[in-house]
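Note sheet for the following structure.
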Amino acid sequence: MTNAAFGAWESPLTARTLALAGVRLGEPRYDGDTLYWTEARPAERGRVALLREHAGEISEMAPGVSVRTRVNEYGGGGWDARDGVLVISSDPEGQLFRLGDGGPVALTPAGSGWRFADLRVLPSAALVLAVREDHSGAGEAVNTLVALSLDGRNADGGTVLAQGADFYACPEFSDAGQLAWMEWRHPHLPWDSCRIVVATLDRHALVLGESTVIAGGPGESATHPLWRGEELVFCSDRSGFAELYARSADGSTAQLTQLGADLVEPFWVFGRRPFAVTGDGDLVIRPRVNGCSRPMLLRRGEFLGLAAEVVDCDSLDAADDRIVLLAEFADVPSAIIELTPGRRRLVRSSAPRALEPSWVSHAEAVTWAGDAGQVHGWFYPPTRPAEPTLPGELVETGERPPLIVMSHGGPTAFSSCGFDPGVQYWTTRGFAVLDVNYSGSSGYGRDYIERLRGEWGVLDVSDCIAGAQYLAANGDVDGRRLAIRGGSAGGYTTLRALTTSTAFAAGCSRYGIGDLASLASDTHKFEARYLDGLIGPWPEASELYAERSPINHVDRLNCPMLILQGADDAVVPLNQAETMAAAVAAKGLEVELIVFEGEGHGFRRAETIERALEAELAFYRRVFGLSG
């Protein structure tokens, strides 16, 4: 190990360990004294298990069932429990079931073409509220808010409560009989323009009274309504940052936080709760400051820190004086933790500790000048124990490590600084990593997101190139051995970077977009109009789509490429990867396309994760002339 070159180090973190050892935790929530959460398990071919902790014992609900929904394709919110009544969505059928001592009771028929998400169980009314996505007809799926009976008489898919908008989310019912929800319409995405609507719900006749829009509209995203008694707390980015507001029963609205920070991220999936209300009416929040979000308690205007060791968190819930959250740390895997006065309890870790502290590369916040202003990212130097590392090793040998630039998906998403074994897989082998929160990323205010409007494929690319060149100029990395990788939208940024510049010597696209025109005409409903804002309206801007599509500029490509793709991807269809690979091969450049059967948009199976990582490592080592 002492004499091994950067990128050829022996690492204790194998691809198999990374693929098998961990689960993806999600949606921790209380039902009284019972705590539930989900675990997506790569070792079980990506099945999502629902776990319960009660009286100190952990058990699985519905063993063998994947508790998941595919509404909006990204899913989330596939279960809910209240007063001991538990309802789940079973994947891939999309059926709803009530679980109890007598066994599961089907609430919806099989093979209906209906999908349900964001479930809210109302035992006192014998109802379940849900977002329903109807695929039974021709053309685009139809989304509505529905009420379903808990006794299973839902052959019609439930009673429609709200319709007319293209999308719905977060139905929240108050003790005073008020129903609040989110809705948005094409061509907007929920982070562009989203409304919160309130109406009285007659629980017996299942009829809504006159509805009132209380927040949101053009240029404003209002999300995540949550009742605090008769007061409705919600998020709005009207100030330029996603902060909290409260609407009182008298109709007045007050801003609760003025932190100049985002308290929520864009609404990609159901079931993630970015703030919570305690039994005393205090608010648990997680503002994102300098790229990190830590849990805080907002009590009578005072902000109290709760867990300083947490560097990022999400999915907050509270019951009485207990707070639960999905937490990320700088040096250990993410976990579900519970906070009570004076105590922090580990409920569930996403993975065993695979690395000793001396192997862990810690994220360093870096900024550099981009074409539209300052750009943010996380730099991870290669790290190993009992060896000099950056910068001392560089002074001694003059060698610089190869750099892997990571471009996240979305593109309106973000990369956190929490411990990520997918990053450590590279740093423990002697690669440096730059995880870029390019222009358009969330967590830095609405203006930062808006930078990418009309500029996708331009600013994100130039930001990644500028970040790599900044590190090379500083002497942190080898400017001749720069690689770029990304998945989905990050895969598009990768492909675009490789076909518009000579900055990178290699690239790996994971289910990335090569043909924007194909994507505009052949993607799912949630993102069907996403490109209107990122590129321009289709088909009016067809020439711009052609210009920004990597598939049309393979002639400019001058480096090897690896393409990893799921065969069943409904977001970025397989034909895009096949077309791109064929075009690269026709130019006579090295290209490898690996297609994974049974995988969709994002790899969920352990064998896929393992094979993909090993193929990528072999690719970089081959291209950079490394042995290991």
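In the structure tokens, chains take the letters A, B, ... in the order shown, each chain's residues start at 1, and ligands count up from 1 in the order shown.
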
Just want the 10 Å neighbourhood of Thr253 of chain A, counted on only C-alpha atoms, with same-chain residues fewer than 3 positions away dropped. Output as an NGL selection string. :A and (214-215 or 231-233 or 245-250 or 256)

Would you save the residues of that selection, restricted to all heavy atoms, as a CSV table (one decimal), in the first residue's frame?
```
chain,number,residue,atom,x,y,z
A,214,ILE,N,-54.5,29.5,0.1
A,214,ILE,CA,-53.9,30.4,1.2
A,214,ILE,C,-52.5,30.8,1.0
A,214,ILE,O,-52.0,31.7,1.7
A,214,ILE,CB,-54.1,29.6,2.6
A,214,ILE,CG1,-53.2,28.4,2.6
A,214,ILE,CG2,-55.5,29.3,2.9
A,214,ILE,CD1,-52.6,28.1,3.9
A,215,ALA,N,-51.8,30.1,0.0
A,215,ALA,CA,-50.5,30.5,-0.3
A,215,ALA,C,-50.1,29.9,-1.6
A,215,ALA,O,-50.6,28.9,-2.0
A,215,ALA,CB,-49.5,30.0,0.8
A,231,GLU,N,-54.3,26.2,13.7
A,231,GLU,CA,-53.3,26.9,12.9
A,231,GLU,C,-52.7,26.0,11.9
A,231,GLU,O,-52.3,24.9,12.2
A,231,GLU,CB,-52.3,27.5,13.8
A,231,GLU,CG,-51.2,28.4,13.2
A,231,GLU,CD,-50.2,28.8,14.2
A,231,GLU,OE1,-49.6,28.0,14.8
A,231,GLU,OE2,-50.0,30.1,14.3
A,232,LEU,N,-52.5,26.5,10.6
A,232,LEU,CA,-51.9,25.8,9.6
A,232,LEU,C,-50.5,26.3,9.4
A,232,LEU,O,-50.3,27.4,9.0
A,232,LEU,CB,-52.7,25.8,8.3
A,232,LEU,CG,-52.1,25.0,7.1
A,232,LEU,CD1,-52.3,23.5,7.5
A,232,LEU,CD2,-52.9,25.3,5.8
A,233,VAL,N,-49.5,25.5,9.6
A,233,VAL,CA,-48.1,25.8,9.4
A,233,VAL,C,-47.7,25.3,8.0
A,233,VAL,O,-48.1,24.2,7.6
A,233,VAL,CB,-47.2,25.2,10.4
A,233,VAL,CG1,-45.7,25.6,10.2
A,233,VAL,CG2,-47.6,25.6,11.8
A,245,TYR,N,-44.2,29.6,7.7
A,245,TYR,CA,-45.3,30.6,7.9
A,245,TYR,C,-46.4,29.8,8.7
A,245,TYR,O,-46.5,28.6,8.7
A,245,TYR,CB,-45.8,31.2,6.6
A,245,TYR,CG,-44.8,32.0,5.9
A,245,TYR,CD1,-43.8,31.3,5.1
A,245,TYR,CD2,-44.8,33.3,5.9
A,245,TYR,CE1,-42.8,32.0,4.4
A,245,TYR,CE2,-43.9,34.1,5.2
A,245,TYR,CZ,-42.9,33.4,4.5
A,245,TYR,OH,-41.9,34.2,3.8
A,246,ALA,N,-47.3,30.6,9.3
A,246,ALA,CA,-48.5,30.1,9.9
A,246,ALA,C,-49.7,30.9,9.6
A,246,ALA,O,-49.7,32.1,9.7
A,246,ALA,CB,-48.3,30.0,11.5
A,247,ARG,N,-50.8,30.2,9.3
A,247,ARG,CA,-52.1,30.9,9.0
A,247,ARG,C,-53.0,30.5,10.1
A,247,ARG,O,-53.3,29.4,10.4
A,247,ARG,CB,-52.7,30.4,7.7
A,247,ARG,CG,-54.0,31.1,7.3
A,247,ARG,CD,-54.5,30.5,6.0
A,247,ARG,NE,-55.9,30.9,5.7
A,247,ARG,CZ,-56.2,32.1,5.1
A,247,ARG,NH1,-55.2,32.9,4.7
A,247,ARG,NH2,-57.5,32.4,4.8
A,248,SER,N,-53.5,31.6,10.8
A,248,SER,CA,-54.4,31.4,12.0
A,248,SER,C,-55.8,31.2,11.5
A,248,SER,O,-56.1,31.4,10.3
A,248,SER,CB,-54.3,32.6,12.9
A,248,SER,OG,-52.9,32.8,13.3
A,249,ALA,N,-56.6,30.8,12.5
A,249,ALA,CA,-58.0,30.5,12.2
A,249,ALA,C,-58.7,31.8,11.7
A,249,ALA,O,-59.7,31.7,10.9
A,249,ALA,CB,-58.7,30.0,13.4
A,250,ASP,N,-58.2,33.0,12.0
A,250,ASP,CA,-58.9,34.2,11.6
A,250,ASP,C,-58.4,34.6,10.2
A,250,ASP,O,-58.8,35.7,9.7
A,250,ASP,CB,-58.6,35.4,12.6
A,250,ASP,CG,-57.1,35.7,12.7
A,250,ASP,OD1,-56.3,35.2,11.9
A,250,ASP,OD2,-56.7,36.5,13.6
A,256,LEU,N,-42.9,32.7,10.5
A,256,LEU,CA,-42.3,32.1,11.8
A,256,LEU,C,-40.8,32.1,11.8
A,256,LEU,O,-40.2,32.2,12.9
A,256,LEU,CB,-42.8,30.7,12.0
A,256,LEU,CG,-44.4,30.5,12.0
A,256,LEU,CD1,-44.7,29.0,12.2
A,256,LEU,CD2,-45.0,31.3,13.2
```

Enumerate, in order of chain and increasing residue number, the residues of segment 214-285 of chain A with an atom no farther than 12 Å from segment 160-174 of chain A, each with its shortest atom pair and distance in Å to one decimal, counting only C-alpha atoms, as a tab-separated table.
```
residue	atom	partner	partner_atom	distance
A:Ala222	CA	A:Ala169	CA	11.5
A:Thr223	CA	A:Cys170	CA	8.4
A:His224	CA	A:Cys170	CA	6.3
A:Pro225	CA	A:Cys170	CA	6.9
A:Leu226	CA	A:Glu172	CA	6.4
A:Trp227	CA	A:Ser174	CA	6.2
A:Arg228	CA	A:Ser174	CA	8.4
A:Gly229	CA	A:Ser174	CA	7.2
A:Glu230	CA	A:Ser174	CA	7.1
A:Glu231	CA	A:Ser174	CA	9.2
A:Leu232	CA	A:Ser174	CA	9.0
A:Val233	CA	A:Glu172	CA	11.0
A:Phe234	CA	A:Cys170	CA	10.9
A:Ala249	CA	A:Ser174	CA	11.6
A:Phe267	CA	A:Ala169	CA	9.4
A:Trp268	CA	A:Ala169	CA	10.8
A:Val269	CA	A:Ala169	CA	9.6
A:Phe270	CA	A:Ala169	CA	7.3
A:Gly271	CA	A:Cys170	CA	8.3
A:Arg272	CA	A:Cys170	CA	10.0
A:Arg273	CA	A:Cys170	CA	9.7
```

Set out as a tab-separated table a contact list for segment 43-121 of chain A and segment 130-152 of chain A with a cut-off of 8 Å, giving each residue of segment 43-121 of chain A that qualifies its closest atom pair and distance in Å to one decimal, counting only C-alpha atoms, ordered by chain and rising residue number.
```
residue	atom	partner	partner_atom	distance
A:Val71	CA	A:Glu133	CA	6.2
A:Arg98	CA	A:Leu150	CA	7.3
A:Val105	CA	A:Gly152	CA	7.1
A:Ala106	CA	A:Gly152	CA	6.1
A:Leu107	CA	A:Gly152	CA	3.9
A:Thr108	CA	A:Gly152	CA	6.6
A:Ser112	CA	A:Ser136	CA	6.7
A:Gly113	CA	A:Ser136	CA	4.6
A:Trp114	CA	A:Asp134	CA	4.7
A:Arg115	CA	A:Glu133	CA	5.1
A:Phe116	CA	A:Arg132	CA	4.6
A:Ala117	CA	A:Val131	CA	5.2
A:Asp118	CA	A:Ala130	CA	5.5
A:Leu119	CA	A:Ala130	CA	4.6
A:Arg120	CA	A:Ala130	CA	6.4
```

List every residue of segment 219-308 of chain A that DSSP, applied to the backbone, labels as strand (DSSP E), and write the result as a PyMOL selection string. chain A and resi 222-228+231-236+243-247+253-255+276-277+283-285+288-289+292-293+296-299+302-305

Leaving out Arg185 of chain A and any residue of its chain fewer than 3 positions from it, which residues lie within 12 Å of it when counting only C-alpha atoms, given as a list of chain:residue names? A:Val142, A:Asn143, A:Gln163, A:Gly164, A:Ala165, A:Asp166, A:Phe167, A:Tyr168, A:Met182, A:His188, A:Leu189, A:Pro190, A:Trp191, A:Asp192, A:Ser193, A:Cys194, A:Arg195, A:Gly216, A:Gly217, A:Pro218, A:Ser221, A:Lys525, A:Phe526, A:Glu527, A:Ala528, A:Arg529, A:Tyr530
